[in-house]
Structures are given as C-alpha cells and as structure tokens.
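K.L.:
One structure follows; several queries about it will come next.
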Amino acid sequence: MSLIDISRNLLFVAFIAYLVATLLFGGSIKQSNATGKNTEKWGKVAIVVTIIGLLSQLGYFITRWIYAGHAPVSNMFEFTTAFGMFIVGAFVLIYFIYRVTALGLVALPVALLIIAYAAMFPKEVTPLMPSLQSHWLTIHVITAALGQSLLAISAVAGLIYLLKVVDLKKPSKQRFWLESVMFFLVVVLGFVIATCVFSFMGYDSTYTYVDKEGNGRQIEYKMPPLFGMNEYKAVEEHGMSPLVEMPPLINAKKLTTVVWSLLVGSVLYLLIRLIARRRISAIFQPFVKRVNLQLVDEIGYRSVLIGFPVFTLGALIFAMIWAQLSWSRFWGWDPKEVWALITWLFYAAFLHLRLSKGWEGQKSAWLALIGFAIILFNLIAVNLILAGLHSYASA
C-alpha cells in the first residue's frame with residue numbers, strides 16, 4: 001500500500017470516527033435529558049472517539065505532506081479537509097476547558113459537512129504552481145485556517161445559544177433566520193449529493209471559452225451546465241446546453257455547481273420537513289435544553305478573542321508579506337484579499353460591540369453566526385465563482 005493510499009484511509013477513518021462520536025454525544029445528551037442527571041459515561045466515550053478521529057486525520061495530513069513534499073493546503077480538497085480538522089481540534093481544546101457536551105453535537109456535524117464538501121474536489125497530489133513554491137504557503141494558509149477554526153467554534157456556541165432561547169412555536173425574525181442557518185447546512189449536504197449523483201451518472205461535457213485576459217481556454221463540466229463561460233462553444237456536449245452566458249469575471253462552471261447545490265439542498269430540506277413535520281431547528285432544540293447559557297456565551301466570546309489575532313496574523317499579515325515577495329505588492333484588491341479584510345473588519349466590530357456596547361447573549365450569538373457565514377462565503381462562493389489571483393484554490 002502506497003503512502004497516499006494510507007493517507008486516504010486515515011482520512012476515511014477520521015470521518016467515520018467523527019460520525020460515531022456525534023451519535024455518542026447525542027446519546028449522552030438524550031440520556032441526560034431522560035434521567036435529569038449529568039451522565040458522563042457516553043460523553044467520555046464520545047470524546048475518546050473524537051480524539052481517535054483527530055489523530056487519524058492528523059496522520060492523513062502528515063502522510064500526505066510527506067508524499068507531496070509540501071503542506072497539503074494548496075487546493076480546495078487539501079485546504080478544506082485541513083479546515084475541518086482544525087475545527088475538530090479547536091472543539092477538543094474547548095471541550096477540555098468547559099466540558100460542554102452539546103458543543104460536540106454541533107461542531108462535529110459541521111466538520112463532517114466540511115470534510116464531505118472537500119471530498120467532492122479532485123484529490124490528486126499535483127506539483128505546486130511557481131507562485132506557491134514558498135514556505136509562506138504553509139505559514140499563511142495554516143495560520144489562517146487555525147484562526148478561522150477558532151472563530152467557527154464561536155458560531156457553534158452561538159447556534160447552541162439560539163437553539164435554546166429562540167421560541168420556535170411563535171413566528172418571528174429570530175425563528176426565520178435560525179431555520180435559515182439549518183437550511184444552509186442542508187444545502188452543503190445537497191452539494192455532496194448532487195456531485196455524487198452526477199459523478200455516478202458519468203456526466204461530462206466540454207466547452208471552449210475566452211478568459212478575462214482574452215486567452216482561449218477549455219473547461220469540463222461534471223454537472224449539466226446551467227451557466228456558460230464567456231463566449232463558450234461546445235466541444236463535446238452531454239445532454240443540455242448552458243442557459244445563460246456569464247461575463248469573464250464569473251466562473252460559470254462553479255456557479256453552476258452552487259446553483260445545483262441550492263436546488264438539491266432545497267428539495268432535501270423540504271423532504272426532511274415533510275418527514276419530521278417540524279422545522280430542523282425544532283429537531284435539535286431538545287438536545288440543548290440543559291445547556292448553561294452564560295457558559296455557552298463565554299465560550300463564543302473567548303473563541304473570538306483567541307481566534308481573531310490568529311486570523312489577523314495568518315490571513316492579513318502573513319498574506320501581505322507573501323504577496324510582497326511573490327507579486328511585489330502588499331495588497332491588490334483580489335477577491336480573496338477583499339473578503340479576508342471584510343472578515344477581519346467584521347470580527348473587529350464584534351469585539352468592539354461586545355466590549356464597549358455590552359452586546360452579549362443573543363446579539364453576540366447572532367454576530368458569531370454572521371461571522372461564520374462570511375467565512376463560508378469566502379470559502380465557497382468567492383473560491384468557486386469569482387476569478388482572481390487565488391483561483392488556484394478552487395482546483
């Protein structure tokens with residue numbers, strides 16, 4: 001068995017371990033609700049299984065690094081799996097400090113969705129582009145991902161807080177937006193399902209197009225093309241032609257993927273609603289009824305307090321140093337750079353409102369969810385749709 005095969009097997013073991021740990025955390029909470037007492041047995045087993053999964057994924061990360069000869073964070077598959085690993089690592093760290101079982105019931109499914117999302121991208125190890133052949137790749141990307149993972153835990157804590165305090169029986173803006181968060185998570189699952197289905201069907205269609213520099217290129221669709229690239233022409237069609245031609249700034253192939261994910265995710269969401277006969281947020285609400293709100297609020301705040309400076313180092317300072325070395329400029333208003341700045345400004349505002357205006361509780365929880373939505377928008381929409389100097393990340 002080759003090193004890369006061992007690496008993939010370790011990632012699979014980690015995925016299964018996270019899935020089992022999620023079920024164990026849920027069982028622990030359910031038993032606690034039924035007996036009215038804190039039952040630590042299943043919670044201890046769950047955290048042990050989580051650590052086994054984390055060590056397995058760390059083994060995947062190290063073996064792939066050795067095989068590739070560089071840090072495995074150079075494309076969407078590598079970065080997103082690393083991001084999922086860092087979220088689990090951040091959760092384990094927070095768990096041993098605060099011992100809040102409900103965190104595992106939310107943090108692990110989020111990590112599972114992110115890893116499943118990563119698995120839809122090409123997994124092959126490829127040589128680094130010249131612009132990426134630098135030790136700053138490791139420093140910049142890993143530090144930024146670590147910061148984002150800590151910020152993600154604040155969103156996990158915020159979601160738990162809102163699931164407990166929002167009245168789901170009465171129509172309100174809070175109920176609508178909380179359910180919207182659940183809908184988005186289902187859409188990510190929709191992406192995984194759509195990609196698997198079309199891959200199983202063997203869908204493949206090829207087009208030529210003109211990029212924003214005026215160069216002729218070729219692109220291959222793995223899903224029926226809802227949107228066409230700039231000045232596209234069919235080389236090999238399979239089924240349908242694009243419905244709309246997009247300007248060169250928009251990656252029509254990735255936009256097609258996003259829209260298909262929305263369509264499949266919406267259908268899946270409606271099926272869940274029909275089967276459960278209640279909102280998805282209402283399904284999870286019983287699992288957080290014994291949560292200490294003050295403690296969860298503190299977890300959310302401290303996660304931002306730690307994650308913000310780490311993100312600042314990785315996504316801005318280290319990124320600007322690398323940009324100066326690679327492109328002879330610190331800043332260039334590339335889409336990824338702009339959204340990194342937006343993310344930084346948002347969390348700076350979060351801390352300002354928390355410390356000077358006293359925005360705690362629900363307000364802080366909503367801000368944490370909005371912040372994570374900005375991170376995911378950068379990860380998904382900016383990477384998949386907008387073309388820029390960081391377009392290699394969508395490969």
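Labels for the structure tokens follow display order: chains A, B, ..., residues from 1 in each chain, ligands from 1.
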From a DSSP calculation on the backbone, collect every residue of range 38-227 of chain A in strand (DSSP E or B) and output the set as a PyMOL selection string.
P.N.:
chain A and resi 205-210+216-221+227
K.L.:
Give me, as a short mmCIF file (atom, residue, chain, number, x, y, z; two decimals) with all heavy atoms, in the first residue's frame, all polymer residues having an atom no more than 10 Å from Val166 in chain A, counting only C-alpha atoms and skipping those fewer than 6 positions away in the same chain.
P.N.:
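Resulting contents of selection08.cif:
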data_model
loop_
_atom_site.label_atom_id
_atom_site.label_comp_id
_atom_site.auth_asym_id
_atom_site.auth_seq_id
_atom_site.Cartn_x
_atom_site.Cartn_y
_atom_site.Cartn_z
N SER A 172 -41.40 34.66 14.14
CA SER A 172 -40.53 35.79 14.48
C SER A 172 -39.35 35.81 13.52
O SER A 172 -39.06 34.83 12.83
CB SER A 172 -40.02 35.68 15.92
OG SER A 172 -39.19 34.55 16.08
N LYS A 173 -38.65 36.95 13.49
CA LYS A 173 -37.45 37.06 12.66
C LYS A 173 -36.37 36.09 13.14
O LYS A 173 -35.66 35.49 12.33
CB LYS A 173 -36.92 38.49 12.69
CG LYS A 173 -37.82 39.51 12.00
CD LYS A 173 -37.20 40.90 12.05
CE LYS A 173 -38.10 41.92 11.35
NZ LYS A 173 -37.52 43.29 11.42
N GLN A 174 -36.27 35.96 14.49
CA GLN A 174 -35.26 35.05 15.04
C GLN A 174 -35.51 33.62 14.58
O GLN A 174 -34.57 32.90 14.21
CB GLN A 174 -35.27 35.12 16.57
CG GLN A 174 -34.73 36.40 17.15
CD GLN A 174 -35.76 37.51 17.19
OE1 GLN A 174 -36.90 37.34 16.73
NE2 GLN A 174 -35.37 38.66 17.73
N ARG A 175 -36.79 33.19 14.60
CA ARG A 175 -37.10 31.84 14.18
C ARG A 175 -36.78 31.64 12.70
O ARG A 175 -36.25 30.61 12.29
CB ARG A 175 -38.57 31.52 14.43
CG ARG A 175 -38.93 30.06 14.18
CD ARG A 175 -40.40 29.78 14.41
NE ARG A 175 -41.24 30.31 13.33
CZ ARG A 175 -42.54 30.03 13.21
NH1 ARG A 175 -43.15 29.27 14.12
NH2 ARG A 175 -43.24 30.54 12.21
N LEU A 178 -32.88 31.56 12.21
CA LEU A 178 -32.30 30.35 12.79
C LEU A 178 -32.55 29.15 11.87
O LEU A 178 -31.65 28.33 11.63
CB LEU A 178 -32.91 30.09 14.17
CG LEU A 178 -32.34 28.89 14.94
CD1 LEU A 178 -30.84 29.06 15.16
CD2 LEU A 178 -33.05 28.75 16.28
N SER A 281 -34.56 23.12 13.11
CA SER A 281 -34.12 23.69 14.39
C SER A 281 -34.91 23.10 15.56
O SER A 281 -34.37 22.91 16.66
CB SER A 281 -34.25 25.21 14.37
OG SER A 281 -35.52 25.60 13.91
N GLN A 285 -33.55 21.30 19.06
CA GLN A 285 -33.77 22.08 20.27
C GLN A 285 -33.78 21.26 21.56
O GLN A 285 -33.21 21.69 22.57
CB GLN A 285 -35.06 22.89 20.15
CG GLN A 285 -35.16 24.00 21.19
CD GLN A 285 -36.31 24.94 20.90
OE1 GLN A 285 -37.44 24.51 20.68
NE2 GLN A 285 -36.02 26.24 20.89
N GLN A 362 -27.92 36.94 23.06
CA GLN A 362 -28.46 36.73 21.72
C GLN A 362 -27.73 37.56 20.66
O GLN A 362 -27.45 37.07 19.57
CB GLN A 362 -29.96 37.05 21.69
CG GLN A 362 -30.85 35.98 22.27
CD GLN A 362 -32.29 36.14 21.83
OE1 GLN A 362 -32.59 36.19 20.63
NE2 GLN A 362 -33.20 36.23 22.79
#
K.L.:
Can you list, as a VMD selection string, every protein, DNA or RNA residue that comes within 10 Å of Leu189 in chain A when you count only C-alpha atoms, leaving out same-chain residues fewer than 6 positions away?
P.N.:
chain A and resid 112 to 114 116 to 117 183 261 to 262 264 to 265 268 to 269
K.L.:
Export all heavy atoms of the chosen residues as an mmCIF file, in the first residue's frame?
P.N.:
data_model
loop_
_atom_site.group_PDB
_atom_site.id
_atom_site.type_symbol
_atom_site.label_atom_id
_atom_site.label_comp_id
_atom_site.auth_asym_id
_atom_site.auth_seq_id
_atom_site.Cartn_x
_atom_site.Cartn_y
_atom_site.Cartn_z
ATOM 1 N N LEU A 112 -17.917 17.455 9.719
ATOM 2 C CA LEU A 112 -18.252 16.376 8.784
ATOM 3 C C LEU A 112 -18.731 16.930 7.452
ATOM 4 O O LEU A 112 -18.335 16.448 6.382
ATOM 5 C CB LEU A 112 -19.340 15.477 9.396
ATOM 6 C CG LEU A 112 -18.864 14.462 10.447
ATOM 7 C CD1 LEU A 112 -20.063 13.863 11.173
ATOM 8 C CD2 LEU A 112 -18.036 13.364 9.796
ATOM 9 N N LEU A 113 -19.573 17.954 7.505
ATOM 10 C CA LEU A 113 -20.062 18.573 6.274
ATOM 11 C C LEU A 113 -18.919 19.204 5.483
ATOM 12 O O LEU A 113 -18.861 19.103 4.256
ATOM 13 C CB LEU A 113 -21.127 19.623 6.590
ATOM 14 C CG LEU A 113 -22.539 19.112 6.884
ATOM 15 C CD1 LEU A 113 -23.438 20.262 7.306
ATOM 16 C CD2 LEU A 113 -23.128 18.403 5.669
ATOM 17 N N ILE A 114 -18.006 19.845 6.185
ATOM 18 C CA ILE A 114 -16.876 20.495 5.519
ATOM 19 C C ILE A 114 -15.957 19.457 4.867
ATOM 20 O O ILE A 114 -15.503 19.637 3.728
ATOM 21 C CB ILE A 114 -16.100 21.367 6.521
ATOM 22 C CG1 ILE A 114 -16.938 22.606 6.875
ATOM 23 C CG2 ILE A 114 -14.744 21.788 5.971
ATOM 24 C CD1 ILE A 114 -16.353 23.467 7.968
ATOM 25 N N ALA A 116 -16.871 16.390 3.959
ATOM 26 C CA ALA A 116 -17.634 15.813 2.846
ATOM 27 C C ALA A 116 -17.624 16.759 1.647
ATOM 28 O O ALA A 116 -17.510 16.323 0.495
ATOM 29 C CB ALA A 116 -19.068 15.533 3.293
ATOM 30 N N TYR A 117 -17.717 18.060 1.918
ATOM 31 C CA TYR A 117 -17.642 19.073 0.860
ATOM 32 C C TYR A 117 -16.282 19.006 0.165
ATOM 33 O O TYR A 117 -16.181 19.051 -1.064
ATOM 34 C CB TYR A 117 -17.876 20.443 1.492
ATOM 35 C CG TYR A 117 -17.605 21.627 0.601
ATOM 36 C CD1 TYR A 117 -18.476 21.945 -0.432
ATOM 37 C CD2 TYR A 117 -16.502 22.449 0.809
ATOM 38 C CE1 TYR A 117 -18.234 23.042 -1.245
ATOM 39 C CE2 TYR A 117 -16.254 23.547 0.006
ATOM 40 C CZ TYR A 117 -17.130 23.836 -1.015
ATOM 41 O OH TYR A 117 -16.884 24.919 -1.822
ATOM 42 N N PHE A 183 -31.088 25.531 6.996
ATOM 43 C CA PHE A 183 -31.267 25.337 5.556
ATOM 44 C C PHE A 183 -29.928 25.375 4.838
ATOM 45 O O PHE A 183 -29.655 24.553 3.955
ATOM 46 C CB PHE A 183 -32.199 26.412 4.997
ATOM 47 C CG PHE A 183 -32.267 26.432 3.489
ATOM 48 C CD1 PHE A 183 -32.984 25.456 2.807
ATOM 49 C CD2 PHE A 183 -31.617 27.413 2.758
ATOM 50 C CE1 PHE A 183 -33.037 25.453 1.415
ATOM 51 C CE2 PHE A 183 -31.675 27.428 1.376
ATOM 52 C CZ PHE A 183 -32.392 26.443 0.707
ATOM 53 N N SER A 261 -26.413 22.838 -6.186
ATOM 54 C CA SER A 261 -26.410 22.541 -4.749
ATOM 55 C C SER A 261 -27.623 23.149 -4.063
ATOM 56 O O SER A 261 -28.253 22.516 -3.206
ATOM 57 C CB SER A 261 -25.126 23.062 -4.112
ATOM 58 O OG SER A 261 -23.988 22.502 -4.718
ATOM 59 N N LEU A 262 -27.951 24.386 -4.453
ATOM 60 C CA LEU A 262 -29.147 25.045 -3.885
ATOM 61 C C LEU A 262 -30.417 24.287 -4.246
ATOM 62 O O LEU A 262 -31.293 24.098 -3.393
ATOM 63 C CB LEU A 262 -29.227 26.490 -4.387
ATOM 64 C CG LEU A 262 -28.292 27.500 -3.735
ATOM 65 C CD1 LEU A 262 -28.311 28.818 -4.499
ATOM 66 C CD2 LEU A 262 -28.709 27.742 -2.283
ATOM 67 N N VAL A 264 -30.781 21.022 -5.162
ATOM 68 C CA VAL A 264 -30.840 19.722 -4.489
ATOM 69 C C VAL A 264 -31.025 19.901 -2.985
ATOM 70 O O VAL A 264 -31.804 19.183 -2.350
ATOM 71 C CB VAL A 264 -29.570 18.900 -4.783
ATOM 72 C CG1 VAL A 264 -29.574 17.585 -4.000
ATOM 73 C CG2 VAL A 264 -29.449 18.628 -6.274
ATOM 74 N N GLY A 265 -30.319 20.875 -2.408
ATOM 75 C CA GLY A 265 -30.456 21.149 -0.975
ATOM 76 C C GLY A 265 -31.866 21.566 -0.598
ATOM 77 O O GLY A 265 -32.384 21.162 0.443
ATOM 78 N N LEU A 268 -34.037 18.496 -0.580
ATOM 79 C CA LEU A 268 -33.715 17.693 0.597
ATOM 80 C C LEU A 268 -34.305 18.319 1.861
ATOM 81 O O LEU A 268 -34.850 17.605 2.727
ATOM 82 C CB LEU A 268 -32.199 17.564 0.727
ATOM 83 C CG LEU A 268 -31.666 16.720 1.888
ATOM 84 C CD1 LEU A 268 -32.171 15.285 1.786
ATOM 85 C CD2 LEU A 268 -30.143 16.756 1.920
ATOM 86 N N TYR A 269 -34.208 19.633 1.960
ATOM 87 C CA TYR A 269 -34.763 20.339 3.119
ATOM 88 C C TYR A 269 -36.271 20.117 3.222
ATOM 89 O O TYR A 269 -36.804 19.847 4.311
ATOM 90 C CB TYR A 269 -34.448 21.833 3.009
ATOM 91 C CG TYR A 269 -35.114 22.677 4.067
ATOM 92 C CD1 TYR A 269 -34.587 22.758 5.353
ATOM 93 C CD2 TYR A 269 -36.282 23.397 3.785
ATOM 94 C CE1 TYR A 269 -35.208 23.523 6.330
ATOM 95 C CE2 TYR A 269 -36.901 24.160 4.754
ATOM 96 C CZ TYR A 269 -36.361 24.223 6.020
ATOM 97 O OH TYR A 269 -36.987 24.982 6.990
#
K.L.:
Run DSSP on the backbone and tell me which residues of range 219-331 of chain A come out as alpha helix (DSSP H); list them as a PyMOL selection string.
P.N.:
chain A and resi 252-276+280-284+293-311+318-327
K.L.:
Could you save the residues just selected, with C-alpha atoms, as a compact mmCIF listing (two decimals), in the first residue's frame?
P.N.:
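Saved as selection-v9.txt:
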# COMPACT_ATOMS: atom_id res chain seq x y z
CA ALA A 252 -19.76 29.74 -14.80
CA LYS A 253 -18.81 26.13 -14.05
CA LYS A 254 -18.53 26.80 -10.33
CA LEU A 255 -21.66 28.96 -10.37
CA THR A 256 -23.48 26.01 -11.94
CA THR A 257 -22.26 23.83 -9.06
CA VAL A 258 -23.55 26.33 -6.49
CA VAL A 259 -26.99 26.57 -8.13
CA TRP A 260 -27.32 22.79 -8.43
CA SER A 261 -26.41 22.54 -4.75
CA LEU A 262 -29.15 25.04 -3.88
CA LEU A 263 -31.70 23.13 -5.93
CA VAL A 264 -30.84 19.72 -4.49
CA GLY A 265 -30.46 21.15 -0.97
CA SER A 266 -33.88 22.80 -1.18
CA VAL A 267 -35.52 19.53 -2.21
CA LEU A 268 -33.71 17.69 0.60
CA TYR A 269 -34.76 20.34 3.12
CA LEU A 270 -38.41 20.04 2.09
CA LEU A 271 -38.24 16.24 2.39
CA ILE A 272 -36.82 16.49 5.92
CA ARG A 273 -39.56 18.96 6.86
CA LEU A 274 -42.27 16.69 5.42
CA ILE A 275 -40.94 13.58 7.17
CA ALA A 276 -40.25 15.23 10.54
CA ILE A 280 -34.99 21.29 11.56
CA SER A 281 -34.12 23.69 14.39
CA ALA A 282 -37.01 22.19 16.39
CA ILE A 283 -35.48 18.73 15.91
CA PHE A 284 -32.26 19.85 17.59
CA LEU A 293 -26.44 29.87 28.59
CA GLN A 294 -23.88 32.01 30.42
CA LEU A 295 -21.19 29.38 29.87
CA VAL A 296 -22.02 28.97 26.16
CA ASP A 297 -21.94 32.76 25.73
CA GLU A 298 -18.50 32.87 27.35
CA ILE A 299 -17.24 30.10 25.03
CA GLY A 300 -18.41 32.05 21.99
CA TYR A 301 -16.71 35.24 23.18
CA ARG A 302 -13.41 33.62 24.16
CA SER A 303 -13.26 31.73 20.87
CA VAL A 304 -13.32 35.06 19.01
CA LEU A 305 -10.89 36.57 21.50
CA ILE A 306 -8.34 33.84 20.68
CA GLY A 307 -9.22 33.27 17.02
CA PHE A 308 -9.19 36.93 15.94
CA PRO A 309 -5.46 37.63 16.49
CA VAL A 310 -4.54 34.24 14.96
CA PHE A 311 -6.66 35.04 11.91
CA PHE A 318 1.49 36.75 6.68
CA ALA A 319 -0.57 37.04 3.49
CA MET A 320 0.70 40.55 2.81
CA ILE A 321 4.31 39.50 3.40
CA TRP A 322 3.92 36.63 0.93
CA ALA A 323 2.15 38.91 -1.58
CA GLN A 324 5.05 41.35 -1.44
CA LEU A 325 7.57 38.55 -2.04
CA SER A 326 5.53 36.93 -4.85
CA TRP A 327 3.86 39.87 -6.61
K.L.:
Given the choices A:Leu150, A:Ala234, A:Ala102, A:Ser74, which gets closest to Leu128 in chain A if the distance is worked out from only C-alpha atoms?
P.N.:
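The answer is A:Ser74, which sits nearest to Leu128 in chain A.
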K.L.:
For a quick check of understanding, using only C-alpha atoms, which of A:Ser32, A:Ile142, A:Arg99, A:Arg278 has the smallest distance to Leu168 in chain A?
P.N.:
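Of A:Ser32, A:Ile142, A:Arg99, A:Arg278, the one nearest Leu168 in chain A is A:Arg278, counting only C-alpha atoms.
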K.L.:
Neighbours of range 84-91 of chain A within 6 Å (only C-alpha atoms; same-chain residues fewer than 2 positions away dropped), as a PDB file with C-alpha atoms, in the first residue's frame?
P.N.:
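Written file, part_32.pdb:
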ATOM      1  CA  THR A  81     -10.055  18.917   4.846  1.00  0.00           C
ATOM      2  CA  ALA A  82      -7.447  20.777   6.909  1.00  0.00           C
ATOM      3  CA  LEU A  93      -9.426  22.087  23.147  1.00  0.00           C
ATOM      4  CA  ILE A  94     -12.577  23.978  24.180  1.00  0.00           C
ATOM      5  CA  TYR A  95     -14.252  20.780  25.421  1.00  0.00           C
ATOM      6  CA  ALA A 111     -16.700  19.425  10.472  1.00  0.00           C
ATOM      7  CA  ILE A 114     -16.876  20.495   5.519  1.00  0.00           C
ATOM      8  CA  ILE A 115     -14.859  17.291   5.001  1.00  0.00           C
ATOM      9  CA  LEU A 146      -6.413  27.843  12.547  1.00  0.00           C
ATOM     10  CA  SER A 149     -11.487  27.224  13.043  1.00  0.00           C
ATOM     11  CA  LEU A 150     -11.447  29.024  16.395  1.00  0.00           C
TER      12      LEU A 150
END
K.L.:
What is the distance, in Å and to one decimal place, between CA of Leu367 in chain A and CA of Ile317 in chain A?
P.N.:
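A separation of 24.1 Å between them.
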K.L.:
To one decimal place in Å, what is the distance between CA of Thr22 in chain A and CA of Ala119 in chain A?
P.N.:
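Separating CA of Thr22 in chain A from CA of Ala119 in chain A is a distance of 19.5 Å.
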K.L.:
From the set A:Val210, A:Met201, A:Ile139, A:Ala144, which residue has the shortest atom-to-atom contact distance to Thr343 in chain A, counting only C-alpha atoms?
P.N.:
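Looking only at the distances to Thr343 in chain A, the closest residue turns out to be A:Ala144.
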K.L.:
Rank nothing, just name the residue among A:Trp65, A:Trp344, A:Phe287, A:Tyr18 nearest to Val110 in chain A, using only C-alpha atoms.
P.N.:
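Using only C-alpha atoms, Val110 in chain A sits closest to A:Tyr18.
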K.L.:
Would you work out the distance separating CA of Val141 in chain A from CA of Met76 in chain A, expressed in Å to one decimal?
P.N.:
11.8 Å
K.L.:
Can you work out which one of A:Arg277, A:Lys233, A:Arg64, A:Lys30 has the shortest atom-to-atom distance to Arg217 in chain A, counting only C-alpha atoms?
P.N.:
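Among the listed residues, the smallest separation from Arg217 in chain A belongs to A:Lys233.
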